[in-house]
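Colleague: Below is the file protein.txt, with compact mmCIF, C-alpha atoms.
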```
# COMPACT_ATOMS: atom_id res chain seq x y z
CA MET D 255 0.00 0.00 0.00
CA ALA D 256 1.24 3.48 -0.87
CA ASP D 257 2.10 5.87 1.91
CA LYS D 258 -0.45 8.57 2.64
CA ASP D 259 1.51 10.94 0.44
CA LEU D 260 -1.63 12.80 -0.65
CA ALA D 261 -2.96 13.44 2.85
CA GLY D 262 -4.56 16.86 3.04
CA ARG D 263 -5.01 17.08 -0.74
CA ARG D 264 -8.44 17.46 -2.32
CA ALA D 265 -9.15 15.63 -5.56
CA LEU D 266 -11.96 15.75 -8.10
CA VAL D 267 -12.44 12.78 -10.42
CA THR D 268 -14.95 13.17 -13.25
CA GLY D 269 -16.79 10.10 -14.44
CA GLY D 270 -15.69 8.75 -11.09
CA ALA D 271 -18.51 6.29 -10.47
CA SER D 272 -17.24 3.52 -12.74
CA GLY D 273 -14.34 2.24 -14.80
CA ILE D 274 -11.09 4.21 -14.81
CA GLY D 275 -12.62 7.04 -12.81
CA LEU D 276 -13.70 4.77 -9.98
CA ALA D 277 -10.28 3.13 -9.92
CA CYS D 278 -8.65 6.58 -9.73
CA ALA D 279 -10.96 7.59 -6.90
CA HIS D 280 -9.92 4.53 -4.92
CA GLU D 281 -6.22 5.06 -5.69
CA LEU D 282 -6.19 8.71 -4.63
CA ALA D 283 -8.25 8.01 -1.52
CA SER D 284 -5.93 5.16 -0.53
CA ARG D 285 -3.08 7.67 -0.60
CA GLY D 286 -4.90 10.03 1.75
CA ALA D 287 -6.67 12.44 -0.60
CA HIS D 288 -10.23 13.60 0.02
CA VAL D 289 -12.00 12.66 -3.21
CA THR D 290 -15.05 14.18 -4.83
CA VAL D 291 -16.66 11.81 -7.31
CA ALA D 292 -18.37 13.64 -10.17
CA ASP D 293 -20.84 11.66 -12.25
CA ARG D 294 -24.24 12.15 -13.82
CA ASP D 295 -25.53 8.92 -12.24
CA ALA D 296 -26.58 10.13 -8.81
CA GLN D 297 -26.83 6.74 -7.10
CA ALA D 298 -23.56 5.47 -8.57
CA ALA D 299 -21.78 8.69 -7.57
CA THR D 300 -23.11 8.42 -4.02
CA ASP D 301 -22.09 4.77 -3.77
CA ALA D 302 -18.59 5.48 -5.08
CA ALA D 303 -18.13 8.47 -2.78
CA THR D 304 -19.22 6.40 0.22
CA ALA D 305 -16.78 3.66 -0.75
CA VAL D 306 -13.82 6.07 -0.79
CA GLY D 307 -14.90 8.18 2.18
CA GLY D 308 -15.40 11.23 -0.01
CA GLU D 309 -18.30 13.18 -1.43
CA SER D 310 -20.30 13.19 -4.64
CA TRP D 311 -21.07 15.84 -7.20
CA VAL D 312 -23.95 14.94 -9.50
CA ALA D 313 -23.47 16.80 -12.77
CA ASP D 314 -23.95 16.41 -16.49
CA LEU D 315 -20.60 17.77 -17.65
CA SER D 316 -21.79 17.97 -21.24
CA ASP D 317 -23.90 20.95 -20.08
CA THR D 318 -20.88 23.20 -20.43
CA ALA D 319 -22.84 26.45 -20.10
CA ALA D 320 -23.41 25.51 -16.45
CA LEU D 321 -19.65 25.29 -15.89
CA GLU D 322 -18.66 28.73 -17.15
CA ASP D 323 -18.83 30.46 -13.74
CA LEU D 324 -17.64 27.46 -11.72
CA ALA D 325 -14.92 27.78 -9.07
CA LEU D 326 -13.20 24.59 -7.87
CA ASP D 327 -11.20 24.36 -4.66
CA VAL D 328 -9.20 21.24 -5.49
CA ASP D 329 -5.53 20.29 -5.59
CA ILE D 330 -5.88 17.37 -8.00
CA LEU D 331 -8.18 17.33 -11.04
CA VAL D 332 -8.67 14.09 -12.96
CA ASN D 333 -10.49 14.71 -16.24
CA ASN D 334 -11.86 11.28 -17.03
CA ALA D 335 -15.53 11.56 -18.02
CA GLY D 336 -16.18 10.36 -21.54
CA ILE D 337 -18.35 8.42 -23.94
CA GLN D 338 -17.79 6.73 -27.27
CA ARG D 339 -19.72 6.57 -30.52
CA VAL D 340 -18.60 4.41 -33.45
CA SER D 341 -19.82 5.36 -36.92
CA PRO D 342 -18.43 6.36 -40.34
CA ILE D 343 -18.02 10.11 -40.84
CA THR D 344 -20.66 10.05 -43.58
CA GLU D 345 -23.19 8.68 -41.08
CA PHE D 346 -21.98 10.46 -37.93
CA ASP D 347 -24.72 12.53 -36.33
CA PRO D 348 -23.52 16.17 -36.00
CA ASP D 349 -25.21 16.64 -32.62
CA THR D 350 -23.44 13.55 -31.32
CA PHE D 351 -20.12 14.87 -32.62
CA ARG D 352 -20.70 18.11 -30.74
CA LEU D 353 -21.72 16.20 -27.60
CA LEU D 354 -18.42 14.30 -27.50
CA LEU D 355 -16.40 17.48 -27.98
CA ARG D 356 -18.33 19.26 -25.22
CA LEU D 357 -17.92 16.42 -22.76
CA MET D 358 -14.31 15.45 -23.49
CA LEU D 359 -12.67 18.74 -24.53
CA GLU D 360 -14.75 21.78 -23.63
CA SER D 361 -15.66 20.44 -20.19
CA PRO D 362 -12.01 19.66 -19.24
CA PHE D 363 -11.08 23.18 -20.33
CA LEU D 364 -13.75 24.70 -18.10
CA LEU D 365 -12.85 22.50 -15.14
CA ILE D 366 -9.16 23.35 -15.51
CA ARG D 367 -10.10 27.02 -15.78
CA ALA D 368 -12.13 26.70 -12.58
CA ALA D 369 -9.40 24.86 -10.65
CA LEU D 370 -6.28 26.80 -11.63
CA PRO D 371 -6.83 29.96 -9.54
CA GLY D 372 -6.86 27.98 -6.30
CA MET D 373 -3.92 25.84 -7.39
CA TYR D 374 -1.97 28.96 -8.30
CA GLU D 375 -2.77 30.54 -4.94
CA ARG D 376 -1.47 27.48 -3.09
CA GLY D 377 1.52 27.01 -5.38
CA TRP D 378 0.68 23.35 -6.03
CA GLY D 379 -1.64 21.46 -8.33
CA ARG D 380 -2.02 18.38 -10.49
CA VAL D 381 -4.11 18.15 -13.65
CA ILE D 382 -4.35 14.56 -14.90
CA ASN D 383 -6.16 14.06 -18.18
CA ILE D 384 -7.30 10.56 -19.05
CA SER D 385 -6.63 10.63 -22.76
CA SER D 386 -6.18 7.54 -24.91
CA ALA D 387 -3.95 5.91 -27.47
CA HIS D 388 -6.45 7.66 -29.74
CA GLY D 389 -5.06 10.95 -28.49
CA LEU D 390 -1.88 10.01 -30.38
CA ARG D 391 -3.20 7.74 -33.15
CA ALA D 392 -6.38 7.55 -35.21
CA SER D 393 -8.77 4.73 -35.97
CA PRO D 394 -11.59 4.68 -38.51
CA PHE D 395 -15.18 5.29 -37.40
CA LYS D 396 -14.18 7.32 -34.31
CA SER D 397 -13.98 10.85 -35.69
CA ALA D 398 -15.44 12.62 -32.63
CA TYR D 399 -13.52 10.62 -30.04
CA VAL D 400 -10.20 10.97 -31.85
CA ALA D 401 -10.76 14.69 -32.42
CA ALA D 402 -11.65 15.26 -28.76
CA LYS D 403 -8.67 13.29 -27.43
CA HIS D 404 -6.23 15.00 -29.82
CA GLY D 405 -7.60 18.33 -28.58
CA LEU D 406 -7.22 17.23 -24.96
CA GLU D 407 -3.54 16.51 -25.61
CA GLY D 408 -3.01 20.10 -26.74
CA LEU D 409 -5.02 21.54 -23.86
CA SER D 410 -2.94 19.51 -21.40
CA LYS D 411 0.32 20.84 -22.84
CA VAL D 412 -0.83 24.45 -22.72
CA THR D 413 -1.95 23.94 -19.12
CA ALA D 414 1.51 22.53 -18.35
CA LEU D 415 3.26 25.58 -19.78
CA GLU D 416 1.01 28.10 -18.06
CA GLY D 417 0.94 26.21 -14.76
CA ALA D 418 4.67 25.57 -14.44
CA PRO D 419 5.56 28.90 -12.76
CA HIS D 420 2.83 28.22 -10.18
CA GLY D 421 3.75 24.66 -9.16
CA VAL D 422 1.02 23.08 -11.28
CA THR D 423 1.69 20.12 -13.55
CA SER D 424 -0.52 18.76 -16.33
CA ASN D 425 -0.17 15.40 -18.02
CA CYS D 426 -2.10 12.89 -20.09
CA ILE D 427 -2.43 9.16 -19.57
CA ASN D 428 -2.89 7.31 -22.84
CA PRO D 429 -4.19 3.78 -22.36
CA ALA D 430 -5.24 1.36 -25.07
CA TYR D 431 -8.56 -0.42 -24.57
CA VAL D 432 -9.31 -0.69 -20.86
CA ARG D 433 -11.64 -3.28 -19.37
CA THR D 434 -14.49 -0.89 -18.52
CA PRO D 435 -18.23 -0.57 -19.21
CA LEU D 436 -17.37 1.98 -21.93
CA VAL D 437 -15.33 -0.59 -23.85
CA GLU D 438 -17.93 -3.31 -23.34
CA LYS D 439 -20.53 -1.06 -24.96
CA GLN D 440 -18.30 -0.54 -28.00
CA ILE D 441 -18.17 -4.19 -28.96
CA ALA D 442 -21.58 -4.31 -30.67
CA ASP D 443 -20.93 -1.06 -32.52
CA GLN D 444 -17.52 -2.26 -33.67
CA ALA D 445 -19.01 -5.54 -34.86
CA ARG D 446 -21.61 -3.66 -36.86
CA VAL D 447 -19.31 -1.22 -38.66
CA HIS D 448 -16.62 -3.84 -39.35
CA GLY D 449 -19.07 -6.55 -40.35
CA ILE D 450 -17.71 -9.21 -37.97
CA PRO D 451 -19.24 -11.21 -35.10
CA ALA D 452 -19.17 -9.49 -31.70
CA GLU D 453 -17.05 -12.28 -30.19
CA GLU D 454 -14.24 -11.44 -32.67
CA VAL D 455 -14.06 -7.71 -31.93
CA VAL D 456 -11.58 -7.82 -29.02
CA GLU D 457 -9.05 -9.97 -30.87
CA LYS D 458 -9.42 -8.62 -34.40
CA ILE D 459 -10.08 -4.93 -33.71
CA MET D 460 -9.21 -3.88 -30.18
CA LEU D 461 -5.96 -5.79 -29.76
CA THR D 462 -4.70 -5.83 -33.34
CA GLU D 463 -2.22 -2.95 -32.80
CA SER D 464 -1.11 -3.95 -29.31
CA ALA D 465 2.01 -6.07 -28.90
CA ILE D 466 0.69 -7.30 -25.53
CA LYS D 467 -2.54 -9.10 -26.32
CA ARG D 468 -4.80 -8.19 -23.42
CA LEU D 469 -6.98 -5.34 -22.26
CA VAL D 470 -5.57 -2.78 -19.83
CA GLU D 471 -6.98 -3.01 -16.31
CA ALA D 472 -8.49 0.11 -14.75
CA ASP D 473 -6.35 -0.14 -11.62
CA GLU D 474 -3.20 -0.07 -13.80
CA VAL D 475 -4.27 3.31 -15.17
CA ALA D 476 -5.15 4.49 -11.67
CA SER D 477 -1.71 3.55 -10.34
CA LEU D 478 -0.10 5.88 -12.86
CA ALA D 479 -2.57 8.64 -11.97
CA GLY D 480 -1.63 8.21 -8.33
CA TRP D 481 2.05 8.64 -9.11
CA LEU D 482 1.42 11.69 -11.30
CA ALA D 483 -0.48 13.25 -8.39
CA SER D 484 2.43 12.75 -6.02
CA ASP D 485 5.30 15.05 -5.18
CA ARG D 486 7.65 12.55 -6.82
CA ALA D 487 6.22 13.56 -10.20
CA GLY D 488 6.89 17.25 -9.67
CA MET D 489 9.21 17.45 -12.70
CA VAL D 490 6.80 15.60 -14.97
CA THR D 491 4.61 17.95 -16.96
CA GLY D 492 3.37 18.35 -20.51
CA ALA D 493 3.85 14.62 -21.02
CA SER D 494 1.69 11.87 -22.51
CA TYR D 495 2.18 8.54 -20.79
CA THR D 496 1.26 5.62 -23.02
CA MET D 497 -0.10 2.46 -21.41
CA ASP D 498 -0.99 0.72 -24.61
CA GLY D 499 0.88 -2.57 -24.78
CA GLY D 500 3.11 -1.23 -27.51
CA TRP D 501 0.39 0.12 -29.83
CA THR D 502 2.05 3.52 -30.41
CA ALA D 503 5.51 1.97 -30.71
CA ARG D 504 4.59 1.02 -34.27
```
Using structure tokens, write down the structure that the file contains.
Modeller:
Amino acid sequence: MADKDLAGRRALVTGGASGIGLACAHELASRGAHVTVADRDAQAATDAATAVGGESWVADLSDTAALEDLALDVDILVNNAGIQRVSPITEFDPDTFRLLLRLMLESPFLLIRAALPGMYERGWGRVINISSAHGLRASPFKSAYVAAKHGLEGLSKVTALEGAPHGVTSNCINPAYVRTPLVEKQIADQARVHGIPAEEVVEKIMLTESAIKRLVEADEVASLAGWLASDRAGMVTGASYTMDGGWTAR
């Protein structure tokens, strides 16, 4: 078990009621941080917050207009909330495209904007953006997701440059496919657009670029987030940490 190296720190994890977000909430809490779990599922957020001894914030982060005047008093911000839609560009619904960009790019910008003043005042802060291998590479049929994650990479780097004089770091974590409800929901869509049986999607689509032929586990991603939040990562900023089994080594 990690030492309580985050004792006294306050963390906000978006999409924190399941998957990577829930794993991050547990990791940060185990290291002593007080964690706020943000999720649009009220019951799941409450359950997750209870499990980590924190608090919940029920919010639909795709409603970005509601975030424009927000002020956040947190030391650690984990931008994790996200969804996926799989469809050819010619069939991609424009409103859905805009939804993904609001939730996974505009919302992180507004949350960072809300958190930085307090971080600057205290001279310490950590912004951890859960990006993806798709923040560095593209795949067909994922135009909105790839666009949002590529944008998040740039936002993270700008945050790193602006935050550096104030003791604030900003980094991305770039996993391949993680064993989460989000990935499970993709399987049927992937089968449809690729014209293959659902049981073949993981092997033939999700793991085809990875040298290590397995899904990433959520707690593996969370362990890296925990380290990035620590003082030991104080010189790490503006980086993109791949956890993709060798996908982007190609």
Colleague: Compare D:Leu357, D:Val432, D:Ile450, D:Leu370 by their minimum atom-to-atom distance to D:Asp473, counting only C-alpha atoms, and give me the closest one.
Modeller: D:Val432
Colleague: Quick one: distance from atom CA of D:Ala445 to atom CA of D:Ile337 in Å, one decimal?
Modeller: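 So the two atoms, atom CA of D:Ala445 and atom CA of D:Ile337, lie 17.7 Å apart.
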Colleague: Using all atoms listed in the file for the distances, tell me which of D:Lys396, D:Lys403, D:Arg380, D:His448 is nearest to D:Ala418.
Modeller: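 The answer is D:Arg380, which sits nearest to D:Ala418.
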Colleague: For D:Ser284, which residue out of D:Val306, D:Ile466, D:Val267, D:Ala298 is the nearest one, using only C-alpha atoms?
Modeller: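 Under the stated criterion, the closest residue is D:Val306.
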Colleague: So, with all atoms listed in the file as the atoms that count, which of D:Gly492, D:Ala261, D:Gly275, D:Arg339 lies closest to D:Lys439?
Modeller: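 Between D:Gly492, D:Ala261, D:Gly275, D:Arg339, the residue approaching D:Lys439 most closely is D:Arg339.
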Colleague: So, counting all atoms listed in the file, which residue among D:Cys278, D:Ala452, D:Ala283, D:Val412 is closest to D:Gln440?
Modeller: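 Comparing D:Cys278, D:Ala452, D:Ala283, D:Val412 against D:Gln440, the winner is D:Ala452.
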Colleague: Report the distance between atom CA of D:Arg504 and atom CA of D:Met460 in Å, rounded to one decimal place.
Modeller: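 Computed distance, atom CA of D:Arg504 to atom CA of D:Met460, equals 15.2 Å.
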Colleague: So which one's closest to D:Thr496, D:Leu415, D:Leu390, D:Leu266, D:Ala465? Using all atoms listed in the file, please.
Modeller: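 Closest candidate: D:Leu390.
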Colleague: Can you tell me, as a ChimeraX atom specification, which residues sit within 10 Å of (-7.2, 7.1, -15.7) in the file's frame, using only C-alpha atoms?
Modeller: /D:267,270,273-279,332-335,382-386,426-429,432,472-480
Colleague: I'd like the contact shell of D:Arg391 - 9 Å cut-off, all atoms listed in the file, skipping same-chain residues fewer than 5 positions apart - returned as a ChimeraX atom specification.
Modeller: /D:386,400,404,502
Colleague: By how many Å are atom CA of D:Arg263 and atom CA of D:Ala287 apart?
Modeller: 4.9 Å
Colleague: Could you write stretch 325-354 of chain D as a PDB file, in the coordinates of the input, with N, CA and C atoms rebuilt where they are missing?
Modeller:
```
ATOM      1  N   ALA D 325     -16.189  27.666  -9.778  1.00  0.00           N
ATOM      2  CA  ALA D 325     -14.920  27.780  -9.070  1.00  0.00           C
ATOM      3  C   ALA D 325     -14.691  26.474  -8.330  1.00  0.00           C
ATOM      4  N   LEU D 326     -13.513  25.876  -8.500  1.00  0.00           N
ATOM      5  CA  LEU D 326     -13.200  24.590  -7.870  1.00  0.00           C
ATOM      6  C   LEU D 326     -12.046  24.767  -6.889  1.00  0.00           C
ATOM      7  N   ASP D 327     -12.246  24.316  -5.671  1.00  0.00           N
ATOM      8  CA  ASP D 327     -11.200  24.360  -4.660  1.00  0.00           C
ATOM      9  C   ASP D 327     -10.617  22.957  -4.514  1.00  0.00           C
ATOM     10  N   VAL D 328      -9.811  22.572  -5.486  1.00  0.00           N
ATOM     11  CA  VAL D 328      -9.200  21.240  -5.490  1.00  0.00           C
ATOM     12  C   VAL D 328      -7.716  21.353  -5.787  1.00  0.00           C
ATOM     13  N   ASP D 329      -6.966  20.363  -5.325  1.00  0.00           N
ATOM     14  CA  ASP D 329      -5.530  20.290  -5.590  1.00  0.00           C
ATOM     15  C   ASP D 329      -5.215  19.372  -6.766  1.00  0.00           C
ATOM     16  N   ILE D 330      -6.086  18.382  -6.969  1.00  0.00           N
ATOM     17  CA  ILE D 330      -5.880  17.370  -8.000  1.00  0.00           C
ATOM     18  C   ILE D 330      -7.159  17.282  -8.830  1.00  0.00           C
ATOM     19  N   LEU D 331      -7.038  17.448 -10.133  1.00  0.00           N
ATOM     20  CA  LEU D 331      -8.180  17.330 -11.040  1.00  0.00           C
ATOM     21  C   LEU D 331      -7.905  16.205 -12.023  1.00  0.00           C
ATOM     22  N   VAL D 332      -8.780  15.202 -12.015  1.00  0.00           N
ATOM     23  CA  VAL D 332      -8.670  14.090 -12.960  1.00  0.00           C
ATOM     24  C   VAL D 332      -9.816  14.210 -13.956  1.00  0.00           C
ATOM     25  N   ASN D 333      -9.496  14.608 -15.179  1.00  0.00           N
ATOM     26  CA  ASN D 333     -10.490  14.710 -16.240  1.00  0.00           C
ATOM     27  C   ASN D 333     -10.622  13.355 -16.919  1.00  0.00           C
ATOM     28  N   ASN D 334     -11.683  12.655 -16.549  1.00  0.00           N
ATOM     29  CA  ASN D 334     -11.860  11.280 -17.030  1.00  0.00           C
ATOM     30  C   ASN D 334     -13.173  11.057 -17.759  1.00  0.00           C
ATOM     31  N   ALA D 335     -14.197  11.831 -17.475  1.00  0.00           N
ATOM     32  CA  ALA D 335     -15.530  11.560 -18.020  1.00  0.00           C
ATOM     33  C   ALA D 335     -15.485  11.493 -19.548  1.00  0.00           C
ATOM     34  N   GLY D 336     -16.170  10.488 -20.085  1.00  0.00           N
ATOM     35  CA  GLY D 336     -16.180  10.360 -21.540  1.00  0.00           C
ATOM     36  C   GLY D 336     -17.177   9.322 -22.005  1.00  0.00           C
ATOM     37  N   ILE D 337     -17.487   9.397 -23.280  1.00  0.00           N
ATOM     38  CA  ILE D 337     -18.350   8.420 -23.940  1.00  0.00           C
ATOM     39  C   ILE D 337     -17.736   8.098 -25.294  1.00  0.00           C
ATOM     40  N   GLN D 338     -18.285   7.122 -25.965  1.00  0.00           N
ATOM     41  CA  GLN D 338     -17.790   6.730 -27.270  1.00  0.00           C
ATOM     42  C   GLN D 338     -18.956   6.512 -28.223  1.00  0.00           C
ATOM     43  N   ARG D 339     -18.770   6.886 -29.460  1.00  0.00           N
ATOM     44  CA  ARG D 339     -19.720   6.570 -30.520  1.00  0.00           C
ATOM     45  C   ARG D 339     -18.908   6.113 -31.725  1.00  0.00           C
ATOM     46  N   VAL D 340     -19.335   5.027 -32.347  1.00  0.00           N
ATOM     47  CA  VAL D 340     -18.600   4.410 -33.450  1.00  0.00           C
ATOM     48  C   VAL D 340     -19.481   4.462 -34.696  1.00  0.00           C
ATOM     49  N   SER D 341     -19.038   5.217 -35.705  1.00  0.00           N
ATOM     50  CA  SER D 341     -19.820   5.360 -36.920  1.00  0.00           C
ATOM     51  C   SER D 341     -18.965   6.012 -37.998  1.00  0.00           C
ATOM     52  N   PRO D 342     -19.157   5.668 -39.268  1.00  0.00           N
ATOM     53  CA  PRO D 342     -18.430   6.360 -40.340  1.00  0.00           C
ATOM     54  C   PRO D 342     -18.746   7.854 -40.338  1.00  0.00           C
ATOM     55  N   ILE D 343     -17.810   8.659 -40.786  1.00  0.00           N
ATOM     56  CA  ILE D 343     -18.020  10.110 -40.840  1.00  0.00           C
ATOM     57  C   ILE D 343     -19.280  10.450 -41.629  1.00  0.00           C
ATOM     58  N   THR D 344     -19.511   9.749 -42.729  1.00  0.00           N
ATOM     59  CA  THR D 344     -20.660  10.050 -43.580  1.00  0.00           C
ATOM     60  C   THR D 344     -21.987   9.790 -42.885  1.00  0.00           C
ATOM     61  N   GLU D 345     -21.965   8.996 -41.808  1.00  0.00           N
ATOM     62  CA  GLU D 345     -23.190   8.680 -41.080  1.00  0.00           C
ATOM     63  C   GLU D 345     -23.189   9.260 -39.668  1.00  0.00           C
ATOM     64  N   PHE D 346     -22.131   9.989 -39.316  1.00  0.00           N
ATOM     65  CA  PHE D 346     -21.980  10.460 -37.930  1.00  0.00           C
ATOM     66  C   PHE D 346     -22.927  11.632 -37.688  1.00  0.00           C
ATOM     67  N   ASP D 347     -23.754  11.488 -36.667  1.00  0.00           N
ATOM     68  CA  ASP D 347     -24.720  12.530 -36.330  1.00  0.00           C
ATOM     69  C   ASP D 347     -24.007  13.781 -35.821  1.00  0.00           C
ATOM     70  N   PRO D 348     -24.243  14.955 -36.426  1.00  0.00           N
ATOM     71  CA  PRO D 348     -23.520  16.170 -36.000  1.00  0.00           C
ATOM     72  C   PRO D 348     -23.754  16.529 -34.544  1.00  0.00           C
ATOM     73  N   ASP D 349     -24.959  16.328 -34.027  1.00  0.00           N
ATOM     74  CA  ASP D 349     -25.210  16.640 -32.620  1.00  0.00           C
ATOM     75  C   ASP D 349     -24.406  15.720 -31.702  1.00  0.00           C
ATOM     76  N   THR D 350     -24.245  14.478 -32.106  1.00  0.00           N
ATOM     77  CA  THR D 350     -23.440  13.550 -31.320  1.00  0.00           C
ATOM     78  C   THR D 350     -21.972  13.942 -31.350  1.00  0.00           C
ATOM     79  N   PHE D 351     -21.498  14.383 -32.511  1.00  0.00           N
ATOM     80  CA  PHE D 351     -20.120  14.870 -32.620  1.00  0.00           C
ATOM     81  C   PHE D 351     -19.897  16.024 -31.651  1.00  0.00           C
ATOM     82  N   ARG D 352     -20.830  16.963 -31.636  1.00  0.00           N
ATOM     83  CA  ARG D 352     -20.700  18.110 -30.740  1.00  0.00           C
ATOM     84  C   ARG D 352     -20.770  17.687 -29.274  1.00  0.00           C
ATOM     85  N   LEU D 353     -21.604  16.696 -28.963  1.00  0.00           N
ATOM     86  CA  LEU D 353     -21.720  16.200 -27.600  1.00  0.00           C
ATOM     87  C   LEU D 353     -20.376  15.670 -27.095  1.00  0.00           C
ATOM     88  N   LEU D 354     -19.700  14.858 -27.916  1.00  0.00           N
ATOM     89  CA  LEU D 354     -18.420  14.300 -27.500  1.00  0.00           C
ATOM     90  C   LEU D 354     -17.381  15.387 -27.296  1.00  0.00           C
TER      91      LEU D 354
END
```
